[in-house]
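Structure file my_file.pdb (PDB, C-alpha atoms, pLDDT in the B column) is printed below.
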```
MODEL        1
ATOM      1  CA  MET A 186       6.180  21.726  -7.966  1.00 84.00           C
ATOM      2  CA  LEU A 187       9.062  21.205  -5.538  1.00 86.00           C
ATOM      3  CA  ASP A 188       6.561  20.702  -2.707  1.00 92.00           C
ATOM      4  CA  LEU A 189       4.851  17.922  -4.673  1.00 94.00           C
ATOM      5  CA  ILE A 190       8.183  16.180  -5.311  1.00 94.00           C
ATOM      6  CA  LYS A 191       9.000  16.421  -1.609  1.00 94.00           C
ATOM      7  CA  LEU A 192       5.566  15.035  -0.733  1.00 94.00           C
ATOM      8  CA  PHE A 193       6.081  12.123  -3.140  1.00 95.00           C
ATOM      9  CA  LEU A 194       9.521  11.261  -1.732  1.00 94.00           C
ATOM     10  CA  LYS A 195       8.362  11.673   1.852  1.00 94.00           C
ATOM     11  CA  SER A 196       5.381   9.374   1.393  1.00 93.00           C
ATOM     12  CA  ALA A 197       7.415   6.788  -0.540  1.00 94.00           C
ATOM     13  CA  ILE A 198      10.558   6.596   1.566  1.00 93.00           C
ATOM     14  CA  VAL A 199      10.527   8.702   4.737  1.00 92.00           C
ATOM     15  CA  ASP A 200       7.011   7.662   5.832  1.00 91.00           C
ATOM     16  CA  ASN A 201       6.977   4.308   4.028  1.00 92.00           C
ATOM     17  CA  VAL A 202       3.599   2.658   4.449  1.00 92.00           C
ATOM     18  CA  VAL A 203       5.060  -0.736   5.417  1.00 91.00           C
ATOM     19  CA  PHE A 204       8.372  -0.014   7.124  1.00 92.00           C
ATOM     20  CA  ILE A 205       7.387   3.118   9.063  1.00 91.00           C
ATOM     21  CA  GLN A 206       3.580   3.098   9.348  1.00 89.00           C
ATOM     22  CA  TYR A 207       3.359  -0.726   9.708  1.00 88.00           C
ATOM     23  CA  LEU A 208       0.374  -1.016   7.378  1.00 88.00           C
ATOM     24  CA  ALA A 209      -0.158  -3.784   4.803  1.00 86.00           C
ATOM     25  CA  ILE A 210       1.903  -6.346   6.699  1.00 86.00           C
ATOM     26  CA  CYS A 211      -0.259  -9.286   5.518  1.00 83.00           C
ATOM     27  CA  PRO A 212       0.583  -8.993   1.799  1.00 83.00           C
ATOM     28  CA  PHE A 213       4.104  -7.894   2.737  1.00 87.00           C
ATOM     29  CA  ILE A 214       4.734 -11.246   4.430  1.00 86.00           C
ATOM     30  CA  GLY A 215       2.331 -13.386   2.396  1.00 83.00           C
ATOM     31  CA  MET A 216       3.159 -12.315  -1.156  1.00 81.00           C
ATOM     32  CA  THR A 217       6.910 -11.726  -1.111  1.00 86.00           C
ATOM     33  CA  SER A 218       8.129 -15.301  -1.517  1.00 85.00           C
ATOM     34  CA  GLU A 219       8.730 -14.658  -5.243  1.00 87.00           C
ATOM     35  CA  THR A 220       9.621 -11.377  -6.891  1.00 88.00           C
ATOM     36  CA  ASP A 221       7.059 -11.803  -9.690  1.00 86.00           C
ATOM     37  CA  LYS A 222       4.223 -12.257  -7.226  1.00 84.00           C
ATOM     38  CA  ALA A 223       5.477  -9.418  -5.036  1.00 88.00           C
ATOM     39  CA  ALA A 224       5.726  -7.028  -7.973  1.00 89.00           C
ATOM     40  CA  GLY A 225       2.302  -8.063  -9.273  1.00 84.00           C
ATOM     41  CA  MET A 226       0.693  -7.563  -5.872  1.00 84.00           C
ATOM     42  CA  GLY A 227       2.537  -4.268  -5.444  1.00 88.00           C
ATOM     43  CA  ILE A 228       1.342  -2.972  -8.812  1.00 86.00           C
ATOM     44  CA  ALA A 229      -2.259  -4.119  -8.275  1.00 82.00           C
ATOM     45  CA  THR A 230      -2.372  -2.570  -4.797  1.00 86.00           C
ATOM     46  CA  SER A 231      -0.698   0.604  -6.043  1.00 90.00           C
ATOM     47  CA  PHE A 232      -3.312   0.954  -8.738  1.00 86.00           C
ATOM     48  CA  VAL A 233      -6.097   0.544  -6.169  1.00 88.00           C
ATOM     49  CA  ILE A 234      -4.438   3.034  -3.771  1.00 92.00           C
ATOM     50  CA  VAL A 235      -4.234   5.762  -6.422  1.00 94.00           C
ATOM     51  CA  LEU A 236      -7.670   5.056  -7.870  1.00 92.00           C
ATOM     52  CA  ALA A 237      -9.285   4.889  -4.414  1.00 93.00           C
ATOM     53  CA  THR A 238      -7.770   8.254  -3.495  1.00 95.00           C
ATOM     54  CA  ALA A 239      -8.894   9.766  -6.802  1.00 95.00           C
ATOM     55  CA  VAL A 240     -12.470   8.632  -6.118  1.00 94.00           C
ATOM     56  CA  THR A 241     -12.811   9.032  -2.345  1.00 95.00           C
ATOM     57  CA  TRP A 242     -11.431  12.576  -2.045  1.00 95.00           C
ATOM     58  CA  PRO A 243     -14.139  14.161  -4.249  1.00 95.00           C
ATOM     59  CA  ILE A 244     -16.836  12.014  -2.646  1.00 95.00           C
ATOM     60  CA  TYR A 245     -15.771  13.219   0.781  1.00 96.00           C
ATOM     61  CA  LYS A 246     -15.269  16.892  -0.074  1.00 95.00           C
ATOM     62  CA  LEU A 247     -18.133  17.362  -2.540  1.00 95.00           C
ATOM     63  CA  VAL A 248     -20.799  15.024  -1.166  1.00 94.00           C
ATOM     64  CA  MET A 249     -20.164  13.957   2.408  1.00 95.00           C
ATOM     65  CA  VAL A 250     -19.025  17.302   3.875  1.00 95.00           C
ATOM     66  CA  PRO A 251     -21.910  19.370   2.415  1.00 94.00           C
ATOM     67  CA  LEU A 252     -24.421  16.760   3.595  1.00 94.00           C
ATOM     68  CA  GLY A 253     -22.786  16.397   7.020  1.00 93.00           C
ATOM     69  CA  LEU A 254     -22.031  12.715   6.487  1.00 93.00           C
ATOM     70  CA  GLN A 255     -18.378  12.766   7.585  1.00 92.00           C
ATOM     71  CA  PHE A 256     -19.145  10.175  10.275  1.00 93.00           C
ATOM     72  CA  LEU A 257     -19.774   7.647   7.465  1.00 93.00           C
ATOM     73  CA  GLN A 258     -16.310   8.192   5.968  1.00 93.00           C
ATOM     74  CA  THR A 259     -14.927   4.729   6.739  1.00 92.00           C
ATOM     75  CA  LEU A 260     -18.030   2.962   5.453  1.00 92.00           C
ATOM     76  CA  PHE A 261     -18.097   4.929   2.189  1.00 92.00           C
ATOM     77  CA  PHE A 262     -14.373   4.498   1.637  1.00 93.00           C
ATOM     78  CA  ILE A 263     -14.531   0.737   2.188  1.00 91.00           C
ATOM     79  CA  LEU A 264     -17.409   0.438  -0.289  1.00 91.00           C
ATOM     80  CA  VAL A 265     -15.455   2.401  -2.905  1.00 90.00           C
ATOM     81  CA  ILE A 266     -12.302   0.340  -2.306  1.00 90.00           C
ATOM     82  CA  ALA A 267     -14.207  -2.954  -2.531  1.00 90.00           C
ATOM     83  CA  SER A 268     -15.736  -1.874  -5.840  1.00 89.00           C
ATOM     84  CA  LEU A 269     -12.350  -0.874  -7.243  1.00 86.00           C
ATOM     85  CA  VAL A 270     -10.781  -4.167  -6.184  1.00 85.00           C
ATOM     86  CA  GLN A 271     -13.538  -6.012  -8.033  1.00 86.00           C
ATOM     87  CA  LEU A 272     -12.691  -4.027 -11.166  1.00 85.00           C
ATOM     88  CA  VAL A 273      -8.999  -4.869 -10.814  1.00 80.00           C
ATOM     89  CA  GLU A 274      -9.882  -8.518 -10.256  1.00 84.00           C
ATOM     90  CA  PHE A 275     -12.014  -8.632 -13.431  1.00 86.00           C
ATOM     91  CA  PHE A 276      -9.245  -6.925 -15.405  1.00 85.00           C
ATOM     92  CA  LEU A 277      -6.536  -9.329 -14.209  1.00 82.00           C
ATOM     93  CA  LYS A 278      -8.731 -12.367 -14.748  1.00 85.00           C
ATOM     94  CA  LYS A 279      -9.305 -11.360 -18.376  1.00 89.00           C
ATOM     95  CA  SER A 280      -5.928  -9.898 -19.330  1.00 87.00           C
ATOM     96  CA  ILE A 281      -3.318 -11.601 -17.091  1.00 84.00           C
ATOM     97  CA  PRO A 282      -4.801 -14.922 -15.903  1.00 86.00           C
ATOM     98  CA  SER A 283      -1.451 -16.281 -14.678  1.00 84.00           C
ATOM     99  CA  LEU A 284      -0.989 -13.345 -12.302  1.00 76.00           C
ATOM    100  CA  TYR A 285      -4.626 -13.632 -11.253  1.00 80.00           C
ATOM    101  CA  LYS A 286      -4.127 -17.309 -10.311  1.00 80.00           C
ATOM    102  CA  SER A 287      -0.804 -16.730  -8.575  1.00 74.00           C
ATOM    103  CA  MET A 288      -2.287 -14.007  -6.376  1.00 72.00           C
ATOM    104  CA  GLY A 289      -5.113 -16.249  -5.258  1.00 71.00           C
ATOM    105  CA  VAL A 290      -6.887 -15.053  -2.146  1.00 70.00           C
ATOM    106  CA  TYR A 291      -4.488 -12.125  -1.696  1.00 70.00           C
ATOM    107  CA  LEU A 292      -6.069 -10.282  -4.618  1.00 74.00           C
ATOM    108  CA  ALA A 293      -9.442 -10.199  -2.907  1.00 76.00           C
ATOM    109  CA  LEU A 294      -7.694  -9.187   0.312  1.00 74.00           C
ATOM    110  CA  ILE A 295      -6.651  -5.878  -1.268  1.00 79.00           C
ATOM    111  CA  THR A 296     -10.131  -4.808  -0.206  1.00 76.00           C
ATOM    112  CA  THR A 297      -9.126  -5.211   3.428  1.00 75.00           C
ATOM    113  CA  ASN A 298      -5.577  -3.960   2.923  1.00 79.00           C
ATOM    114  CA  CYS A 299      -5.237  -1.321   5.586  1.00 84.00           C
ATOM    115  CA  ALA A 300      -2.759   0.637   3.444  1.00 88.00           C
ATOM    116  CA  VAL A 301      -5.452   1.440   0.887  1.00 91.00           C
ATOM    117  CA  LEU A 302      -7.901   2.664   3.505  1.00 91.00           C
ATOM    118  CA  GLY A 303      -5.102   4.342   5.458  1.00 92.00           C
ATOM    119  CA  VAL A 304      -4.003   6.427   2.480  1.00 94.00           C
ATOM    120  CA  THR A 305      -7.511   7.645   1.727  1.00 94.00           C
ATOM    121  CA  ILE A 306      -8.123   8.577   5.362  1.00 94.00           C
ATOM    122  CA  ASN A 307      -4.674  10.216   5.682  1.00 93.00           C
ATOM    123  CA  CYS A 308      -5.417  12.451   2.701  1.00 94.00           C
ATOM    124  CA  ILE A 309      -8.538  13.727   4.438  1.00 94.00           C
ATOM    125  CA  GLY A 310      -6.914  13.906   7.871  1.00 93.00           C
ATOM    126  CA  LYS A 311      -3.923  15.876   6.593  1.00 94.00           C
ATOM    127  CA  ASP A 312      -6.296  18.199   4.697  1.00 93.00           C
ATOM    128  CA  TYR A 313      -4.536  17.708   1.370  1.00 95.00           C
ATOM    129  CA  GLY A 314      -5.985  19.203  -1.784  1.00 95.00           C
ATOM    130  CA  TYR A 315      -6.894  16.931  -4.678  1.00 96.00           C
ATOM    131  CA  VAL A 316      -3.518  17.133  -6.445  1.00 96.00           C
ATOM    132  CA  GLN A 317      -1.637  16.724  -3.158  1.00 96.00           C
ATOM    133  CA  SER A 318      -3.778  13.692  -2.336  1.00 96.00           C
ATOM    134  CA  LEU A 319      -2.965  12.081  -5.677  1.00 97.00           C
ATOM    135  CA  VAL A 320       0.759  12.752  -5.241  1.00 97.00           C
ATOM    136  CA  TYR A 321       0.617  11.379  -1.693  1.00 97.00           C
ATOM    137  CA  ALA A 322      -1.191   8.272  -2.987  1.00 96.00           C
ATOM    138  CA  LEU A 323       1.344   7.816  -5.802  1.00 96.00           C
ATOM    139  CA  GLY A 324       4.234   8.140  -3.358  1.00 96.00           C
ATOM    140  CA  THR A 325       2.679   5.728  -0.880  1.00 96.00           C
ATOM    141  CA  ALA A 326       1.944   3.274  -3.694  1.00 95.00           C
ATOM    142  CA  ALA A 327       5.555   3.525  -4.881  1.00 96.00           C
ATOM    143  CA  GLY A 328       6.733   2.955  -1.316  1.00 95.00           C
ATOM    144  CA  PHE A 329       4.507  -0.117  -0.989  1.00 94.00           C
ATOM    145  CA  LEU A 330       5.819  -1.530  -4.269  1.00 94.00           C
ATOM    146  CA  LEU A 331       9.386  -0.784  -3.174  1.00 95.00           C
ATOM    147  CA  SER A 332       8.900  -2.575   0.147  1.00 94.00           C
ATOM    148  CA  MET A 333       7.371  -5.610  -1.582  1.00 93.00           C
ATOM    149  CA  VAL A 334      10.247  -5.923  -4.043  1.00 94.00           C
ATOM    150  CA  ILE A 335      12.907  -5.356  -1.368  1.00 94.00           C
ATOM    151  CA  MET A 336      11.409  -8.032   0.870  1.00 94.00           C
ATOM    152  CA  SER A 337      11.136 -10.497  -2.017  1.00 93.00           C
ATOM    153  CA  GLY A 338      14.849  -9.933  -2.661  1.00 94.00           C
ATOM    154  CA  VAL A 339      15.654 -10.513   0.995  1.00 93.00           C
ATOM    155  CA  ARG A 340      13.545 -13.677   1.024  1.00 92.00           C
ATOM    156  CA  SER A 341      15.302 -15.027  -2.056  1.00 92.00           C
ATOM    157  CA  ARG A 342      18.629 -14.558  -0.264  1.00 92.00           C
ATOM    158  CA  LEU A 343      17.269 -16.190   2.888  1.00 90.00           C
ATOM    159  CA  LYS A 344      16.475 -19.366   0.931  1.00 89.00           C
ATOM    160  CA  THR A 345      20.197 -20.026   0.503  1.00 89.00           C
ATOM    161  CA  ALA A 346      21.377 -18.497   3.794  1.00 88.00           C
ATOM    162  CA  ASN A 347      22.575 -20.547   6.720  1.00 90.00           C
ATOM    163  CA  VAL A 348      19.835 -19.564   9.162  1.00 88.00           C
ATOM    164  CA  PRO A 349      19.871 -21.084  12.667  1.00 90.00           C
ATOM    165  CA  GLN A 350      17.173 -23.716  13.149  1.00 90.00           C
ATOM    166  CA  SER A 351      15.273 -21.657  15.728  1.00 90.00           C
ATOM    167  CA  PHE A 352      14.962 -18.756  13.255  1.00 90.00           C
ATOM    168  CA  LYS A 353      13.945 -20.712  10.140  1.00 88.00           C
ATOM    169  CA  GLY A 354      10.648 -19.785   8.518  1.00 85.00           C
ATOM    170  CA  THR A 355       8.521 -16.978   9.887  1.00 86.00           C
ATOM    171  CA  PRO A 356      10.862 -15.787  12.663  1.00 91.00           C
ATOM    172  CA  ILE A 357      13.631 -14.804  10.252  1.00 92.00           C
ATOM    173  CA  LEU A 358      11.076 -12.969   8.097  1.00 90.00           C
ATOM    174  CA  TYR A 359      10.088 -10.802  11.044  1.00 91.00           C
ATOM    175  CA  VAL A 360      13.722 -10.207  11.973  1.00 92.00           C
ATOM    176  CA  ALA A 361      14.437  -9.149   8.377  1.00 92.00           C
ATOM    177  CA  ALA A 362      11.350  -6.917   8.311  1.00 92.00           C
ATOM    178  CA  GLY A 363      12.437  -5.305  11.571  1.00 93.00           C
ATOM    179  CA  LEU A 364      15.918  -4.648  10.208  1.00 93.00           C
ATOM    180  CA  LEU A 365      14.451  -3.145   7.034  1.00 93.00           C
ATOM    181  CA  SER A 366      12.239  -0.911   9.192  1.00 93.00           C
ATOM    182  CA  LEU A 367      15.274   0.245  11.135  1.00 93.00           C
ATOM    183  CA  ALA A 368      17.064   1.011   7.881  1.00 92.00           C
ATOM    184  CA  PHE A 369      14.126   3.088   6.633  1.00 92.00           C
ATOM    185  CA  MET A 370      13.980   4.956   9.940  1.00 91.00           C
ATOM    186  CA  GLY A 371      17.336   6.367   8.930  1.00 89.00           C
ATOM    187  CA  PHE A 372      15.475   8.527   6.390  1.00 89.00           C
ATOM    188  CA  LYS A 373      13.382  10.220   9.107  1.00 87.00           C
ATOM    189  CA  GLY A 374      13.916  13.945   9.159  1.00 81.00           C
ATOM    190  CA  LEU A 375      15.461  14.165   5.683  1.00 80.00           C
ATOM    191  CA  ILE A 376      12.332  15.694   4.194  1.00 80.00           C
ATOM    192  CA  LYS A 377      10.082  17.813   6.377  1.00 73.00           C
TER     193      LYS A 377
ENDMDL
END
```
Structure re-expressed in structure tokens:
Amino acid sequence: MLDLIKLFLKSAIVDNVVFIQYLAICPFIGMTSETDKAAGMGIATSFVIVLATAVTWPIYKLVMVPLGLQFLQTLFFILVIASLVQLVEFFLKKSIPSLYKSMGVYLALITTNCAVLGVTINCIGKDYGYVQSLVYALGTAAGFLLSMVIMSGVRSRLKTANVPQSFKGTPILYVAAGLLSLAFMGFKGLIK
């Protein structure tokens, strides 16, 4: 049990998917202008990350490995992720139309979010068992949500900050993201 808690914390904070692995930068920059949008995107992506891991791990271990189809891993995983994103899209369109509209094109882009594919491939590459894979996915999803909310908070402060003209707009976002990455690097080595 302690190992699973350590795995969760390590994947959420120490090896944060955005700040340390530099995955999912597009939604990180594109969807963090408002905290509501950032949290909505973080939750939707988190759901897809966990669900994709729950589906792809058994497909890989129980179907692809016995049939010798490991070389098709990326193709299969992308197909599964695309299908799951469609399900999330249908659900949001029916149950939370305001969030669906505010996410716009970024909702469909969860399909190409490299964090989702990266988590599923990492679970296989690190040879995690099914429960470990789910915990790793939950931790990574929590880390993604955390990074989205943190950046939306930083961006809300930047709106009222006295930023030099040459840094206004996108440049200050990348400076802030770099500083956040440096801060998260401080956690390296805390959990092995």
Which neighbours of range 244-248 of chain A fall inside 9 Å, counting only C-alpha atoms, when residues of the same chain fewer than 6 positions from it are skipped, and could you give them as a PDB file with C-alpha atoms, in the coordinates of the input?
```
ATOM      1  CA  LEU A 254     -22.031  12.715   6.487  1.00 93.00           C
ATOM      2  CA  GLN A 255     -18.378  12.766   7.585  1.00 92.00           C
ATOM      3  CA  GLN A 258     -16.310   8.192   5.968  1.00 93.00           C
ATOM      4  CA  PHE A 261     -18.097   4.929   2.189  1.00 92.00           C
ATOM      5  CA  PHE A 262     -14.373   4.498   1.637  1.00 93.00           C
ATOM      6  CA  ILE A 309      -8.538  13.727   4.438  1.00 94.00           C
TER       7      ILE A 309
END
```
Expected selection from the PyMOL selection byres ((chain A and resi 292-297) around 12), given as number ranges by chain: A: 208-213, 215-216, 222-223, 225-234, 237, 259, 262-278, 284-291, 298-303
Give me the residues within 10 Å of Val339 in chain A as a PDB file with C-alpha atoms, keeping the file's coordinate frame, counting all atoms listed in the file and dropping any in the same chain fewer than 2 places off.
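Dumped everything to part.pdb:
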```pdb
ATOM      1  CA  THR A 217       6.910 -11.726  -1.111  1.00 86.00           C
ATOM      2  CA  SER A 218       8.129 -15.301  -1.517  1.00 85.00           C
ATOM      3  CA  THR A 220       9.621 -11.377  -6.891  1.00 88.00           C
ATOM      4  CA  MET A 333       7.371  -5.610  -1.582  1.00 93.00           C
ATOM      5  CA  VAL A 334      10.247  -5.923  -4.043  1.00 94.00           C
ATOM      6  CA  ILE A 335      12.907  -5.356  -1.368  1.00 94.00           C
ATOM      7  CA  MET A 336      11.409  -8.032   0.870  1.00 94.00           C
ATOM      8  CA  SER A 337      11.136 -10.497  -2.017  1.00 93.00           C
ATOM      9  CA  SER A 341      15.302 -15.027  -2.056  1.00 92.00           C
ATOM     10  CA  ARG A 342      18.629 -14.558  -0.264  1.00 92.00           C
ATOM     11  CA  LEU A 343      17.269 -16.190   2.888  1.00 90.00           C
ATOM     12  CA  LYS A 344      16.475 -19.366   0.931  1.00 89.00           C
ATOM     13  CA  LEU A 358      11.076 -12.969   8.097  1.00 90.00           C
ATOM     14  CA  ALA A 361      14.437  -9.149   8.377  1.00 92.00           C
ATOM     15  CA  ALA A 362      11.350  -6.917   8.311  1.00 92.00           C
ATOM     16  CA  LEU A 365      14.451  -3.145   7.034  1.00 93.00           C
TER      17      LEU A 365
END
```
Quick one: everything within 10 Å of Lys377 in chain A, counting all atoms listed in the file, minus sequence neighbours fewer than 5 positions away in the same chain. Send it as a list in words.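 The neighbour list is Lys191, Leu192, Lys195 and Val199 of chain A.
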Using Å and a single decimal, report how far CA of Met249 in chain A sits from CA of Asp312 in chain A.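 Computing it gives 14.7 Å between the two atoms.
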So which one's closest to Val235 in chain A, A:Phe329, A:Leu375, A:Ala346, A:Phe369? Using all atoms listed in the file, please.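 Among the listed residues, A:Phe329 lies closest to Val235 in chain A.
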With all atoms listed in the file as the atoms that count, which of A:Ser366, A:Gln206, A:Thr345, A:Thr238 lies nearest to Leu323 in chain A? A:Thr238
Between CA of Asn201 in chain A and CA of Thr325 in chain A, what is the distance in Å, rounded to a tenth?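 Answer for the CA of Asn201 in chain A to CA of Thr325 in chain A separation: 6.7 Å.
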Would you give the centre and edge lengths, in Å to one decimal, of a box along x, y and z around the listed atoms of range 241-253 of chain A, with 6 Å added to each side, as lines of an AutoDock Vina configuration file?
```
center_x = -17.9
center_y = 14.2
center_z = 1.4
size_x = 25.0
size_y = 22.3
size_z = 23.3
```
What is the CA of Phe204 in chain A-CA of Pro356 in chain A distance in Å, reported with one decimal? 16.9 Å
When distances are computed from all atoms listed in the file, which of A:Trp242, A:Lys353, A:Gly371, A:Ala326 shows the smallest separation from Ile306 in chain A?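 Of A:Trp242, A:Lys353, A:Gly371, A:Ala326, the one nearest Ile306 in chain A, counting all atoms listed in the file, is A:Trp242.
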Please determine, counting only C-alpha atoms, which residue among A:Asn347, A:Pro282, A:Asp200, A:Ile205 has the shortest atom-to-atom distance to Leu364 in chain A.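 Among the listed residues, A:Ile205 lies closest to Leu364 in chain A.
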What would the selection look like, as a PyMOL selection string, if the PyMOL selection byres ((chain A and resi 324) around 7) were run on the coordinates I just shared? chain A and resi 193-194+196-197+320-323+325-328
Can you spit out the residues from that selection as a PDB file, keeping the file's coordinate frame, using C-alpha atoms?
```pdb
ATOM      1  CA  PHE A 193       6.081  12.123  -3.140  1.00 95.00           C
ATOM      2  CA  LEU A 194       9.521  11.261  -1.732  1.00 94.00           C
ATOM      3  CA  SER A 196       5.381   9.374   1.393  1.00 93.00           C
ATOM      4  CA  ALA A 197       7.415   6.788  -0.540  1.00 94.00           C
ATOM      5  CA  VAL A 320       0.759  12.752  -5.241  1.00 97.00           C
ATOM      6  CA  TYR A 321       0.617  11.379  -1.693  1.00 97.00           C
ATOM      7  CA  ALA A 322      -1.191   8.272  -2.987  1.00 96.00           C
ATOM      8  CA  LEU A 323       1.344   7.816  -5.802  1.00 96.00           C
ATOM      9  CA  THR A 325       2.679   5.728  -0.880  1.00 96.00           C
ATOM     10  CA  ALA A 326       1.944   3.274  -3.694  1.00 95.00           C
ATOM     11  CA  ALA A 327       5.555   3.525  -4.881  1.00 96.00           C
ATOM     12  CA  GLY A 328       6.733   2.955  -1.316  1.00 95.00           C
TER      13      GLY A 328
END
```
